[in-house]
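Enquirer: Structure file my_file.cif (mmCIF, C-alpha atoms and all ligand atoms) right here:
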data_protein
#
loop_
_atom_site.label_atom_id
_atom_site.label_comp_id
_atom_site.auth_asym_id
_atom_site.auth_seq_id
_atom_site.Cartn_x
_atom_site.Cartn_y
_atom_site.Cartn_z
CA MET A 8 -18.91 3.31 -30.77
CA ARG A 9 -15.59 2.31 -32.31
CA GLU A 10 -15.21 -0.71 -34.52
CA GLU A 11 -14.34 -3.73 -32.39
CA LEU A 12 -10.75 -4.95 -32.69
CA ILE A 13 -10.19 -7.18 -29.66
CA THR A 14 -12.81 -9.35 -28.00
CA LEU A 15 -12.20 -11.23 -24.77
CA ARG A 16 -14.98 -13.46 -23.51
CA GLY A 17 -14.91 -15.43 -20.30
CA ILE A 18 -11.12 -15.45 -20.06
CA HIS A 19 -9.62 -17.53 -17.24
CA LYS A 20 -5.97 -18.13 -16.53
CA TRP A 21 -4.38 -20.33 -13.91
CA TYR A 22 -0.77 -20.56 -12.80
CA GLY A 23 -0.92 -23.99 -11.22
CA ASP A 24 -3.60 -23.56 -8.53
CA TYR A 25 -3.46 -19.80 -8.66
CA HIS A 26 -6.42 -18.29 -10.45
CA ALA A 27 -4.83 -15.19 -12.05
CA LEU A 28 -7.65 -14.15 -14.42
CA ARG A 29 -11.29 -14.76 -13.57
CA GLU A 30 -14.01 -14.44 -16.18
CA VAL A 31 -12.60 -11.40 -17.96
CA ASP A 32 -14.98 -9.98 -20.58
CA LEU A 33 -14.07 -6.94 -22.60
CA THR A 34 -13.90 -5.49 -26.05
CA ILE A 35 -11.33 -2.97 -27.22
CA GLY A 36 -11.95 -0.75 -30.22
CA ARG A 37 -9.82 0.01 -33.24
CA GLY A 38 -7.73 3.09 -32.54
CA GLU A 39 -8.66 3.13 -28.88
CA PHE A 40 -6.28 4.11 -26.08
CA PHE A 41 -7.19 1.50 -23.49
CA SER A 42 -5.67 1.06 -20.04
CA LEU A 43 -5.54 -1.82 -17.61
CA LEU A 44 -5.29 -0.29 -14.16
CA GLY A 45 -5.05 -1.93 -10.78
CA PRO A 46 -2.90 -2.64 -7.74
CA SER A 47 0.18 -4.84 -7.88
CA GLY A 48 -0.67 -8.47 -8.51
CA CYS A 49 -4.20 -7.89 -9.84
CA GLY A 50 -3.40 -9.59 -13.14
CA LYS A 51 -3.00 -6.69 -15.53
CA THR A 52 0.37 -7.83 -16.89
CA THR A 53 -0.97 -11.36 -17.20
CA LEU A 54 -3.90 -10.08 -19.25
CA LEU A 55 -1.58 -8.04 -21.48
CA ARG A 56 0.69 -11.05 -21.99
CA THR A 57 -2.24 -13.28 -22.94
CA ILE A 58 -3.24 -10.72 -25.60
CA ALA A 59 0.37 -10.70 -26.84
CA GLY A 60 0.38 -14.49 -26.94
CA PHE A 61 3.19 -14.89 -24.39
CA GLU A 62 0.79 -16.68 -22.08
CA GLU A 63 -1.85 -19.21 -22.99
CA ILE A 64 -5.35 -18.74 -21.68
CA GLY A 65 -6.95 -21.46 -19.61
CA GLU A 66 -10.49 -20.86 -20.77
CA GLY A 67 -12.34 -18.34 -22.86
CA VAL A 68 -12.41 -16.76 -26.29
CA MET A 69 -9.95 -14.24 -27.64
CA LEU A 70 -10.47 -12.64 -31.03
CA ILE A 71 -8.30 -10.01 -32.65
CA ASP A 72 -9.71 -8.50 -35.81
CA GLY A 73 -12.27 -11.28 -35.92
CA LYS A 74 -9.68 -14.08 -35.79
CA ASP A 75 -9.48 -16.66 -33.04
CA MET A 76 -6.07 -16.21 -31.38
CA ARG A 77 -5.97 -19.44 -29.42
CA ARG A 78 -3.53 -21.28 -31.66
CA VAL A 79 -1.75 -18.22 -33.03
CA PRO A 80 1.79 -17.77 -31.65
CA ALA A 81 2.95 -14.38 -30.40
CA ASN A 82 5.06 -13.61 -33.46
CA GLU A 83 2.12 -14.16 -35.80
CA ARG A 84 -0.27 -11.90 -33.90
CA PRO A 85 -0.93 -8.34 -35.07
CA THR A 86 0.38 -7.09 -31.73
CA ASN A 87 3.68 -5.73 -30.53
CA MET A 88 4.87 -5.14 -27.01
CA VAL A 89 6.94 -2.36 -25.47
CA PHE A 90 8.51 -3.60 -22.26
CA GLN A 91 9.06 -1.82 -18.98
CA SER A 92 12.82 -2.27 -19.31
CA TYR A 93 12.81 -1.08 -22.96
CA ALA A 94 15.39 -3.78 -23.83
CA ILE A 95 17.60 -1.35 -25.72
CA PHE A 96 20.97 -2.71 -26.87
CA PRO A 97 23.52 -0.18 -25.60
CA HIS A 98 26.30 -1.27 -27.97
CA LEU A 99 24.15 -0.59 -31.05
CA SER A 100 23.23 2.72 -32.63
CA VAL A 101 19.74 4.15 -32.33
CA ALA A 102 18.98 3.14 -35.94
CA GLN A 103 20.30 -0.40 -35.39
CA ASN A 104 18.11 -0.74 -32.33
CA VAL A 105 15.05 0.28 -34.30
CA ALA A 106 16.03 -1.90 -37.26
CA PHE A 107 16.15 -4.87 -34.88
CA GLY A 108 12.36 -4.91 -35.13
CA LEU A 109 12.76 -5.63 -38.85
CA ARG A 110 15.30 -8.45 -38.58
CA LYS A 111 12.89 -11.00 -40.05
CA ASP A 112 11.59 -8.63 -42.69
CA SER A 113 12.39 -9.36 -46.31
CA ARG A 114 12.59 -5.74 -47.43
CA SER A 115 15.75 -4.38 -49.08
CA LYS A 116 18.38 -2.55 -47.06
CA ASP A 117 17.33 0.81 -48.48
CA GLU A 118 13.68 0.22 -47.74
CA LYS A 119 14.53 -0.79 -44.20
CA ALA A 120 16.65 2.32 -43.71
CA LYS A 121 13.75 4.42 -44.92
CA ALA A 122 11.33 2.69 -42.54
CA VAL A 123 13.76 3.25 -39.63
CA ALA A 124 14.07 6.94 -40.46
CA GLU A 125 10.28 7.26 -40.65
CA ALA A 126 9.79 5.49 -37.32
CA LEU A 127 12.38 7.71 -35.64
CA GLU A 128 10.74 10.80 -37.13
CA MET A 129 7.41 9.60 -35.72
CA VAL A 130 8.71 9.45 -32.16
CA GLY A 131 10.53 12.78 -32.40
CA LEU A 132 14.02 11.31 -32.84
CA GLY A 133 14.58 12.23 -36.48
CA GLY A 134 18.33 12.67 -37.05
CA TYR A 135 19.30 10.56 -34.01
CA GLY A 136 19.83 7.36 -36.01
CA SER A 137 23.62 7.24 -35.88
CA ARG A 138 23.90 8.06 -32.19
CA SER A 139 25.00 5.42 -29.79
CA ALA A 140 22.11 4.03 -27.75
CA HIS A 141 24.02 3.98 -24.47
CA ALA A 142 24.19 7.80 -24.46
CA LEU A 143 20.41 8.24 -24.49
CA SER A 144 18.28 9.66 -21.69
CA GLY A 145 15.46 7.61 -20.19
CA GLY A 146 12.87 9.42 -22.27
CA GLN A 147 14.88 8.91 -25.46
CA ARG A 148 15.27 5.19 -24.76
CA GLN A 149 11.55 5.01 -24.35
CA ARG A 150 11.11 6.59 -27.77
CA VAL A 151 13.57 4.19 -29.37
CA ALA A 152 11.63 1.27 -27.88
CA LEU A 153 8.42 2.78 -29.28
CA ALA A 154 9.95 3.29 -32.72
CA ARG A 155 11.15 -0.32 -32.75
CA ALA A 156 7.66 -1.55 -31.92
CA LEU A 157 5.88 0.78 -34.34
CA ILE A 158 8.09 -0.02 -37.32
CA LEU A 159 6.28 -3.32 -37.74
CA LYS A 160 2.99 -1.46 -38.06
CA PRO A 161 1.11 -3.63 -35.56
CA LYS A 162 -2.65 -3.24 -35.15
CA VAL A 163 -2.18 -3.20 -31.41
CA LEU A 164 0.67 -1.81 -29.36
CA LEU A 165 0.94 -3.30 -25.88
CA LEU A 166 2.68 -1.15 -23.28
CA ASP A 167 3.63 -2.61 -19.91
CA GLU A 168 4.27 0.25 -17.47
CA PRO A 169 6.29 2.02 -20.16
CA LEU A 170 6.84 5.19 -18.15
CA SER A 171 7.53 3.79 -14.70
CA ALA A 172 11.32 4.15 -15.00
CA LEU A 173 11.13 7.88 -15.77
CA ASP A 174 11.22 10.73 -13.27
CA LYS A 175 8.01 12.67 -12.64
CA ASN A 176 8.61 15.50 -15.12
CA MET A 177 9.75 13.22 -17.90
CA ARG A 178 6.84 10.89 -17.20
CA GLU A 179 4.31 13.69 -17.53
CA HIS A 180 6.01 14.87 -20.71
CA MET A 181 5.99 11.36 -22.20
CA GLN A 182 2.32 10.90 -21.27
CA VAL A 183 1.41 13.80 -23.53
CA GLU A 184 3.82 12.56 -26.23
CA LEU A 185 2.30 9.09 -26.13
CA ILE A 186 -1.23 10.45 -26.48
CA LYS A 187 -0.14 12.53 -29.47
CA LEU A 188 1.69 9.59 -31.00
CA GLN A 189 -1.30 7.31 -30.55
CA ARG A 190 -3.59 9.82 -32.25
CA GLN A 191 -1.12 10.29 -35.06
CA VAL A 192 -0.59 6.60 -35.83
CA GLY A 193 -4.19 5.70 -35.05
CA ILE A 194 -3.46 2.18 -33.81
CA THR A 195 -4.88 0.62 -30.67
CA PHE A 196 -2.74 1.13 -27.57
CA ILE A 197 -3.22 -1.03 -24.49
CA LEU A 198 -1.40 0.35 -21.50
CA VAL A 199 -0.75 -1.42 -18.22
CA THR A 200 -0.33 0.93 -15.28
CA HIS A 201 -0.83 1.03 -11.53
CA ASP A 202 -0.86 4.83 -11.64
CA GLN A 203 -4.46 6.04 -11.58
CA GLU A 204 -3.59 9.56 -12.68
CA GLU A 205 -1.67 8.24 -15.67
CA ALA A 206 -4.66 6.11 -16.68
CA LEU A 207 -7.09 9.04 -16.28
CA VAL A 208 -4.90 11.39 -18.32
CA MET A 209 -4.18 9.04 -21.19
CA SER A 210 -7.05 6.68 -21.79
CA ASP A 211 -10.23 6.61 -23.82
CA ARG A 212 -11.39 3.82 -21.51
CA ILE A 213 -9.99 2.09 -18.45
CA ALA A 214 -10.54 -1.38 -17.02
CA VAL A 215 -9.90 -1.33 -13.27
CA MET A 216 -8.82 -4.77 -12.10
CA PHE A 217 -8.76 -6.43 -8.69
CA GLU A 218 -7.72 -10.02 -8.05
CA GLY A 219 -7.95 -11.13 -11.64
CA GLN A 220 -11.35 -9.55 -12.26
CA ILE A 221 -12.57 -6.34 -13.82
CA GLY A 222 -14.04 -4.11 -11.11
CA GLN A 223 -15.26 -1.48 -13.55
CA LEU A 224 -14.78 -0.63 -17.20
CA ALA A 225 -15.54 2.94 -18.21
CA ASP A 226 -14.22 6.19 -19.61
CA PRO A 227 -12.11 8.26 -17.18
CA GLU A 228 -14.86 10.72 -16.25
CA THR A 229 -17.44 8.03 -15.53
CA LEU A 230 -14.90 6.08 -13.52
CA TYR A 231 -14.08 9.11 -11.42
CA ARG A 232 -17.57 10.52 -11.04
CA ARG A 233 -19.55 7.31 -10.87
CA PRO A 234 -17.43 4.52 -9.42
CA VAL A 235 -19.48 1.37 -8.82
CA SER A 236 -17.79 0.24 -5.63
CA LYS A 237 -15.87 1.44 -2.63
CA ARG A 238 -12.83 -0.34 -3.97
CA VAL A 239 -12.87 1.40 -7.34
CA ALA A 240 -13.65 4.73 -5.68
CA SER A 241 -10.69 4.50 -3.33
CA PHE A 242 -8.31 3.32 -6.02
CA ILE A 243 -9.17 6.29 -8.25
CA GLY A 244 -8.61 9.48 -6.30
CA LYS A 245 -9.85 10.32 -2.82
CA MET A 246 -13.39 9.82 -1.59
CA ASN A 247 -15.26 10.27 1.69
CA PHE A 248 -17.41 7.30 2.67
CA PHE A 249 -20.55 7.32 4.81
CA SER A 250 -22.71 4.56 6.15
CA ALA A 251 -26.22 5.01 4.85
CA LYS A 252 -29.60 3.33 4.55
CA VAL A 253 -31.64 3.03 1.40
CA LEU A 254 -35.19 3.78 2.58
CA GLU A 255 -37.05 3.73 -0.70
CA VAL A 256 -36.38 2.98 -4.34
CA ALA A 257 -39.03 4.62 -6.46
CA GLU A 258 -39.01 5.21 -10.19
CA GLY A 259 -36.44 7.89 -10.85
CA SER A 260 -35.38 8.41 -7.25
CA ILE A 261 -33.71 6.73 -4.32
CA GLN A 262 -34.37 7.93 -0.74
CA LEU A 263 -31.42 7.71 1.58
CA ASP A 264 -30.59 8.37 5.17
CA VAL A 265 -26.88 9.19 5.32
CA VAL A 266 -25.17 9.05 8.71
CA GLY A 267 -23.84 12.52 9.51
CA LEU A 268 -25.50 14.23 6.54
CA GLY A 269 -29.16 13.27 6.93
CA ALA A 270 -31.89 12.55 4.39
CA ALA A 271 -31.01 12.67 0.71
CA THR A 272 -32.76 11.87 -2.56
CA VAL A 273 -30.76 10.86 -5.61
CA PRO A 274 -31.60 9.60 -9.11
CA PRO A 275 -30.69 5.98 -10.03
CA GLU A 276 -27.67 7.17 -12.09
CA GLN A 277 -26.04 7.91 -8.77
CA ALA A 278 -26.13 4.22 -7.93
CA PRO A 279 -24.01 3.01 -10.90
CA GLY A 280 -23.43 -0.40 -9.34
CA GLY A 281 -27.11 -0.92 -8.54
CA CYS A 282 -28.93 -0.35 -5.31
CA GLU A 283 -30.76 -2.43 -2.71
CA PHE A 284 -32.82 -1.65 0.37
CA GLY A 285 -31.05 -1.44 3.66
CA GLU A 286 -27.47 -0.76 4.66
CA THR A 287 -25.22 0.74 2.04
CA ILE A 288 -22.22 3.01 1.55
CA VAL A 289 -22.35 6.46 0.06
CA GLY A 290 -19.35 8.34 -1.27
CA ILE A 291 -18.58 12.00 -1.95
CA ARG A 292 -15.42 13.45 -3.49
CA PRO A 293 -13.44 16.08 -1.48
CA GLU A 294 -13.59 18.69 -4.25
CA THR A 295 -17.39 18.62 -4.35
CA LEU A 296 -17.46 19.88 -0.76
CA THR A 297 -16.93 23.52 0.16
CA ILE A 298 -15.83 25.18 3.37
CA LEU A 299 -18.15 28.13 4.03
CA TYR A 300 -16.58 31.22 5.49
CA GLU A 301 -18.23 33.32 8.15
CA GLY A 302 -21.45 34.84 6.92
CA GLU A 303 -21.22 33.03 3.56
CA GLN A 304 -24.66 32.05 2.27
CA THR A 305 -25.46 28.99 0.18
CA ASP A 306 -28.48 27.22 -1.23
CA ARG A 307 -26.65 23.91 -0.85
CA ARG A 308 -26.98 21.59 2.12
CA VAL A 309 -24.83 22.48 5.12
CA VAL A 310 -23.21 20.40 7.84
CA GLU A 311 -21.33 21.83 10.79
CA GLY A 312 -17.95 20.65 11.96
CA VAL A 313 -14.58 21.36 13.51
CA VAL A 314 -11.29 21.50 11.60
CA ASP A 315 -9.19 18.48 12.58
CA GLU A 316 -6.28 18.72 10.15
CA VAL A 317 -4.99 21.21 7.58
CA VAL A 318 -2.65 20.21 4.77
CA TYR A 319 -1.50 23.17 2.70
CA TYR A 320 -0.36 22.52 -0.91
CA GLY A 321 0.11 26.09 -2.14
CA ASP A 322 -2.61 26.10 -4.79
CA MET A 323 -4.95 24.03 -2.62
CA THR A 324 -5.61 23.10 0.95
CA TYR A 325 -6.93 19.77 2.19
CA TYR A 326 -9.03 20.03 5.32
CA ASP A 327 -10.16 17.21 7.55
CA VAL A 328 -13.33 18.32 9.30
CA ARG A 329 -14.93 16.36 12.10
CA ILE A 330 -18.73 16.21 11.92
CA ALA A 331 -21.17 14.86 14.49
CA GLY A 332 -22.01 11.17 14.26
CA VAL A 333 -19.22 10.22 11.84
CA GLU A 334 -16.07 8.56 13.07
CA LYS A 335 -13.73 9.52 10.25
CA PRO A 336 -13.33 13.24 9.55
CA LEU A 337 -14.54 14.53 6.22
CA THR A 338 -11.81 15.47 3.73
CA ILE A 339 -12.44 18.64 1.76
CA SER A 340 -10.17 20.09 -0.91
CA MET A 341 -10.35 23.83 -1.45
CA LYS A 342 -8.65 25.95 -4.05
CA ASN A 343 -6.70 28.65 -2.21
CA LEU A 344 -7.87 32.17 -2.95
CA ILE A 345 -6.32 35.40 -1.69
CA SER A 346 -9.70 36.40 -0.32
CA ARG A 347 -9.93 33.22 1.76
CA PRO A 348 -7.70 32.75 4.76
CA VAL A 349 -6.58 29.19 5.46
CA LEU A 350 -8.46 27.86 8.49
CA ASN A 351 -6.70 26.58 11.58
CA VAL A 352 -7.06 23.30 13.41
CA GLY A 353 -9.79 23.57 16.06
CA GLU A 354 -11.84 26.22 14.23
CA LYS A 355 -15.55 25.67 13.86
CA THR A 356 -16.74 25.67 10.30
CA ARG A 357 -19.64 24.86 8.01
CA VAL A 358 -19.34 22.56 5.03
CA ALA A 359 -21.62 22.81 2.00
CA TRP A 360 -22.48 19.63 0.07
CA GLU A 361 -24.85 18.62 -2.68
CA GLU A 362 -27.04 15.57 -3.17
CA ARG A 363 -25.99 15.37 -6.82
CA ALA A 364 -22.38 14.71 -5.75
CA LEU A 365 -23.31 11.57 -3.77
CA VAL A 366 -22.64 8.12 -5.19
CA ILE A 367 -24.18 4.94 -3.80
CA LEU A 368 -21.44 2.29 -3.75
CA LYS A 369 -21.26 -1.45 -3.56
CA ASP A 370 -19.06 -2.59 -0.72
P1 LIG A 401 2.36 -5.74 -11.07
O1 LIG A 401 1.84 -4.34 -11.20
O2 LIG A 401 3.02 -5.98 -9.74
O3 LIG A 401 3.19 -6.18 -12.24
P2 LIG A 401 0.12 -7.19 -12.14
O4 LIG A 401 -1.23 -6.70 -11.88
O5 LIG A 401 0.69 -6.94 -13.47
O6 LIG A 401 1.08 -6.70 -11.00
P3 LIG A 401 0.56 -9.96 -12.75
O7 LIG A 401 2.01 -9.83 -13.06
O8 LIG A 401 -0.37 -10.13 -13.87
O9 LIG A 401 0.09 -8.75 -11.84
O10 LIG A 401 0.39 -11.15 -11.74
C1 LIG A 401 -0.86 -11.56 -11.23
C2 LIG A 401 -0.67 -12.68 -10.23
O11 LIG A 401 -0.21 -13.85 -10.89
C3 LIG A 401 0.36 -12.36 -9.17
O12 LIG A 401 -0.11 -12.83 -7.94
C4 LIG A 401 1.59 -13.11 -9.61
O13 LIG A 401 2.35 -13.50 -8.51
C5 LIG A 401 1.00 -14.30 -10.33
N1 LIG A 401 1.89 -14.72 -11.42
C6 LIG A 401 2.29 -13.99 -12.48
N2 LIG A 401 3.07 -14.69 -13.32
C7 LIG A 401 3.19 -15.94 -12.77
C8 LIG A 401 3.86 -17.14 -13.16
N3 LIG A 401 4.57 -17.20 -14.27
N4 LIG A 401 3.73 -18.20 -12.34
C9 LIG A 401 3.00 -18.14 -11.22
N5 LIG A 401 2.32 -17.05 -10.80
C10 LIG A 401 2.42 -15.96 -11.55
#
Since I need it in another form, could you write the structure as structure tokens?
Expert:
Amino acid sequence: MREELITLRGIHKWYGDYHALREVDLTIGRGEFFSLLGPSGCGKTTLLRTIAGFEEIGEGVMLIDGKDMRRVPANERPTNMVFQSYAIFPHLSVAQNVAFGLRKDSRSKDEKAKAVAEALEMVGLGGYGSRSAHALSGGQRQRVALARALILKPKVLLLDEPLSALDKNMREHMQVELIKLQRQVGITFILVTHDQEEALVMSDRIAVMFEGQIGQLADPETLYRRPVSKRVASFIGKMNFFSAKVLEVAEGSIQLDVVGLGAATVPPEQAPGGCEFGETIVGIRPETLTILYEGEQTDRRVVEGVVDEVVYYGDMTYYDVRIAGVEKPLTISMKNLISRPVLNVGEKTRVAWEERALVILKD
């Protein structure tokens, strides 16, 4: 476990009558890459801004590095924010833009120039100092904004959708650059994003938020493999849902009857959000299912169905397969192999599945 840098306990925030943050509890470690992920309006920017000190909290405790932040103004907090819009001054040079971060610093001109050069070097813009900022590409502007924030050596860098203005290729490139940069400087990054893939790729841990609350807080793999609820599961990737009944909860195993799949036994780890008797929902990810080709044997469980839809992606194919007793067809993703012809709509098929891929979900 990392050393704790930020502690939020029972944080509430109201805008007038609107309850924007509800009982948010979390700790963020020193040097951690932490993401706040969620749909538009869930409160992730609000939470980031309360950490920055741009918004006051209504209730709760906020500590950074052991200090109570309640009465500490934004400019005295050990945090610095990189905005979505970058706020680059086009009429200034790259170096002047970065030096703007130091305007209240008492260092000598030479020392400042050295710090600017170092910060630019850090973000891969060494030698760009005298260029005019208006001639920069989106990715370069992003780096200038990062250099300007990093030059103050904050303990925490707050990033509000920093990559959303970039095109897909540049965004993917900058994701890798940001991870490298974060490892290199070793400070805590808190990223706000609504892009689940971005959060999975970049983060040590992710808090998924809905309506001002944290739905789940976990590392990317746990979040993907063991979502606690239907909501989290559908926000992070694709998942097939089944109605099911919990028949028995014994030590070390849960007995289920899953509509369309039949009886199943799973260990309690596969009910990460807890489990109760009676009606429930069970999820299974498309890539854990396999289309069986004619004559193909398996020791996994098998369900029969009919291909309802085929979506071909080149390297993969997504199949929707209708199975008896289930209204919504099952989605299966298959890697395309030369030895495996792509099935056609209307073909009968068998689908292999495994009990260990099931997750019991809260509604
Ligand atoms: P997005 O991805 O769209 O930026 P978000 O998750 O960051 O969404 P917030 O910006 O934190 O969401 O806003 C959360 C809720 O609080 C929204 O419903 C928003 O309308 C409301 N809100 C935000 N700022 C204010 C404000 N200054 N006054 C009133 N309501 C606000």
Enquirer: Would you please work out which residue, of A:Gly219, A:Gly108, A:Pro161, A:Gly146, is nearest to ligand LIG 401 (chain A) when using all atoms listed in the file?
Expert: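 Among the listed residues, the smallest separation from ligand LIG 401 (chain A) belongs to A:Gly219.
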Enquirer: Report as CSV the residues of chain A within 12 Å of ligand LIG 401 (chain A), each with its shortest atom pair and distance in Å (one decimal), using only C-alpha atoms and all ligand atoms, ordered by chain and increasing residue number.
Expert:
residue,atom,partner,partner_atom,distance
A:His19,CA,A:LIG401,O11,11.9
A:Lys20,CA,A:LIG401,O11,9.1
A:Trp21,CA,A:LIG401,N5,8.1
A:Tyr22,CA,A:LIG401,C9,4.8
A:Gly23,CA,A:LIG401,C9,7.0
A:Asp24,CA,A:LIG401,C9,9.0
A:Tyr25,CA,A:LIG401,N5,6.7
A:His26,CA,A:LIG401,O11,7.6
A:Ala27,CA,A:LIG401,O11,4.9
A:Leu28,CA,A:LIG401,C1,7.9
A:Arg29,CA,A:LIG401,C1,11.2
A:Leu43,CA,A:LIG401,O4,8.7
A:Leu44,CA,A:LIG401,O4,7.9
A:Gly45,CA,A:LIG401,O4,6.2
A:Pro46,CA,A:LIG401,O4,6.0
A:Ser47,CA,A:LIG401,O2,3.6
A:Gly48,CA,A:LIG401,O9,3.4
A:Cys49,CA,A:LIG401,O4,3.8
A:Gly50,CA,A:LIG401,O8,3.2
A:Lys51,CA,A:LIG401,O4,4.1
A:Thr52,CA,A:LIG401,O5,3.5
A:Thr53,CA,A:LIG401,O8,3.6
A:Leu54,CA,A:LIG401,O8,6.4
A:Leu55,CA,A:LIG401,O8,8.0
A:Arg56,CA,A:LIG401,O8,8.2
A:Thr57,CA,A:LIG401,O8,9.8
A:Phe61,CA,A:LIG401,N3,10.5
A:Glu62,CA,A:LIG401,N3,8.7
A:Glu63,CA,A:LIG401,N3,11.0
A:Phe90,CA,A:LIG401,O3,11.6
A:Gln91,CA,A:LIG401,O3,9.9
A:Leu166,CA,A:LIG401,O5,11.6
A:Asp167,CA,A:LIG401,O5,8.3
A:Glu168,CA,A:LIG401,O1,8.1
A:Pro169,CA,A:LIG401,O3,11.8
A:Ser171,CA,A:LIG401,O1,10.5
A:Leu198,CA,A:LIG401,O5,11.0
A:Val199,CA,A:LIG401,O5,7.4
A:Thr200,CA,A:LIG401,O1,7.0
A:His201,CA,A:LIG401,O1,6.0
A:Asp202,CA,A:LIG401,O1,9.6
A:Ala214,CA,A:LIG401,O4,11.9
A:Val215,CA,A:LIG401,O4,10.3
A:Met216,CA,A:LIG401,O4,7.8
A:Phe217,CA,A:LIG401,O4,8.2
A:Glu218,CA,A:LIG401,C1,7.7
A:Gly219,CA,A:LIG401,C1,7.1
A:Gln220,CA,A:LIG401,O4,10.5
A:Ile221,CA,A:LIG401,O4,11.5
Enquirer: Residues within 9 Å of stretch 285-302 of chain A, please, as an MDAnalysis selection string. Count only C-alpha atoms; anything in the same chain fewer than 3 positions from it doesn't count.
Expert: chainID A and resid 232 236:237 240 244:254 265 282 305 309 325:326 337:342 347 356:361 364:370
Enquirer: At most 10 Å from (-16.3, 17.2, 13.8), file frame, all atoms listed in the file: which residues, as a PyMOL selection string?
Expert: chain A and resi 267+310-315+327-337+353+355-356
Enquirer: Hey, which of A:Met88, A:Ala142, A:Ile345, A:Ala172 ends up closest to A:Ser100? Count only C-alpha atoms.
Expert: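 The answer is A:Ala142, which sits nearest to A:Ser100.
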Enquirer: With distances taken over all atoms listed in the file, which residue among A:Ala124, A:Ile95, A:Ala270, A:Ala156 lies nearest A:Ser144?
Expert: A:Ile95
Enquirer: For atom CA of A:Met76 and atom CA of A:Thr195, quote the distance in Å rounded to one decimal.
Expert: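 These atoms are spaced 16.9 Å apart.
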Enquirer: Can you pull out every residue within 12 Å of A:Phe96, counting only C-alpha atoms, but drop anything in the same chain fewer than 2 positions away, and send it as a CSV table (one decimal) with C-alpha atoms, in the frame of the given file?
Expert:
chain,number,residue,atom,x,y,z
A,92,SER,CA,12.8,-2.3,-19.3
A,93,TYR,CA,12.8,-1.1,-23.0
A,94,ALA,CA,15.4,-3.8,-23.8
A,98,HIS,CA,26.3,-1.3,-28.0
A,99,LEU,CA,24.2,-0.6,-31.0
A,100,SER,CA,23.2,2.7,-32.6
A,101,VAL,CA,19.7,4.2,-32.3
A,102,ALA,CA,19.0,3.1,-35.9
A,103,GLN,CA,20.3,-0.4,-35.4
A,104,ASN,CA,18.1,-0.7,-32.3
A,105,VAL,CA,15.0,0.3,-34.3
A,106,ALA,CA,16.0,-1.9,-37.3
A,107,PHE,CA,16.2,-4.9,-34.9
A,139,SER,CA,25.0,5.4,-29.8
A,140,ALA,CA,22.1,4.0,-27.8
A,141,HIS,CA,24.0,4.0,-24.5
A,142,ALA,CA,24.2,7.8,-24.5
A,143,LEU,CA,20.4,8.2,-24.5
A,148,ARG,CA,15.3,5.2,-24.8
A,151,VAL,CA,13.6,4.2,-29.4
A,152,ALA,CA,11.6,1.3,-27.9
A,155,ARG,CA,11.2,-0.3,-32.8
Enquirer: In Å, rounded to a single decimal, give me how far atom CA of A:Val192 is from atom CA of A:Ile64.
Expert: 29.4 Å
Enquirer: Restricting the calculation to only C-alpha atoms: of A:Ala225, A:Ser260, A:Gln189, A:Glu83, which residue gets closest to A:Leu164?
Expert: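 Among the listed residues, the smallest separation from A:Leu164 belongs to A:Gln189.
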Enquirer: Please report the interatomic distance between atom CA of A:Pro274 and atom CA of A:Asp211 in Å with one decimal.
Expert: 26.1 Å
Enquirer: Kindly list the centre and edge lengths in Å, rounded to one decimal, for the axis-aligned box that covers all listed atoms of stretch 201-220 of chain A plus 6 Å on each of its six sides, as AutoDock Vina command-line options.
Expert:
--center_x -6.1 --center_y 0.1 --center_z -15.9 --size_x 22.6 --size_y 34.5 --size_z 27.8
Enquirer: Compare A:Leu70, A:Val352, A:Leu263, A:Leu157 by their minimum atom-to-atom distance to A:Pro275, counting all atoms listed in the file, and give me the closest one.
Expert: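 Result for the nearest residue to A:Pro275: A:Leu263.
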Enquirer: So that I can check the surroundings of A:Asp75, please list as a list in words every protein, DNA and RNA residue that reaches within 12 Å of it, counting all atoms listed in the file and ignoring chain neighbours fewer than 4 positions away.
Expert: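 Contacts, in chain order: Leu12, Ile13, Thr14, Leu15, Arg16, Ile58, Gly60, Gly67, Val68, Met69, Leu70, Ile71, Val79, Pro80 and Arg84 of chain A.
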Enquirer: With all atoms listed in the file as the basis for distance, which of A:Pro348, A:Leu188, A:Val89, A:Ser113 is at the shortest distance from A:Leu127?
Expert: A:Leu188
Enquirer: Output stretch 352-356 of chain A as a PDB file, keeping the file's coordinate frame, making sure N, CA and C atoms are there.
Expert:
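Saved result, selection_5.pdb, follows:
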ATOM      1  N   VAL A 352      -6.543  24.454  12.681  1.00  0.00           N
ATOM      2  CA  VAL A 352      -7.060  23.300  13.410  1.00  0.00           C
ATOM      3  C   VAL A 352      -7.831  23.789  14.627  1.00  0.00           C
ATOM      4  N   GLY A 353      -8.985  23.205  14.891  1.00  0.00           N
ATOM      5  CA  GLY A 353      -9.790  23.570  16.060  1.00  0.00           C
ATOM      6  C   GLY A 353     -10.872  24.585  15.740  1.00  0.00           C
ATOM      7  N   GLU A 354     -10.802  25.236  14.582  1.00  0.00           N
ATOM      8  CA  GLU A 354     -11.840  26.220  14.230  1.00  0.00           C
ATOM      9  C   GLU A 354     -13.144  25.516  13.877  1.00  0.00           C
ATOM     10  N   LYS A 355     -14.232  26.176  14.276  1.00  0.00           N
ATOM     11  CA  LYS A 355     -15.550  25.670  13.860  1.00  0.00           C
ATOM     12  C   LYS A 355     -15.794  26.112  12.432  1.00  0.00           C
ATOM     13  N   THR A 356     -16.464  25.277  11.674  1.00  0.00           N
ATOM     14  CA  THR A 356     -16.740  25.670  10.300  1.00  0.00           C
ATOM     15  C   THR A 356     -18.040  25.034   9.814  1.00  0.00           C
TER      16      THR A 356
END
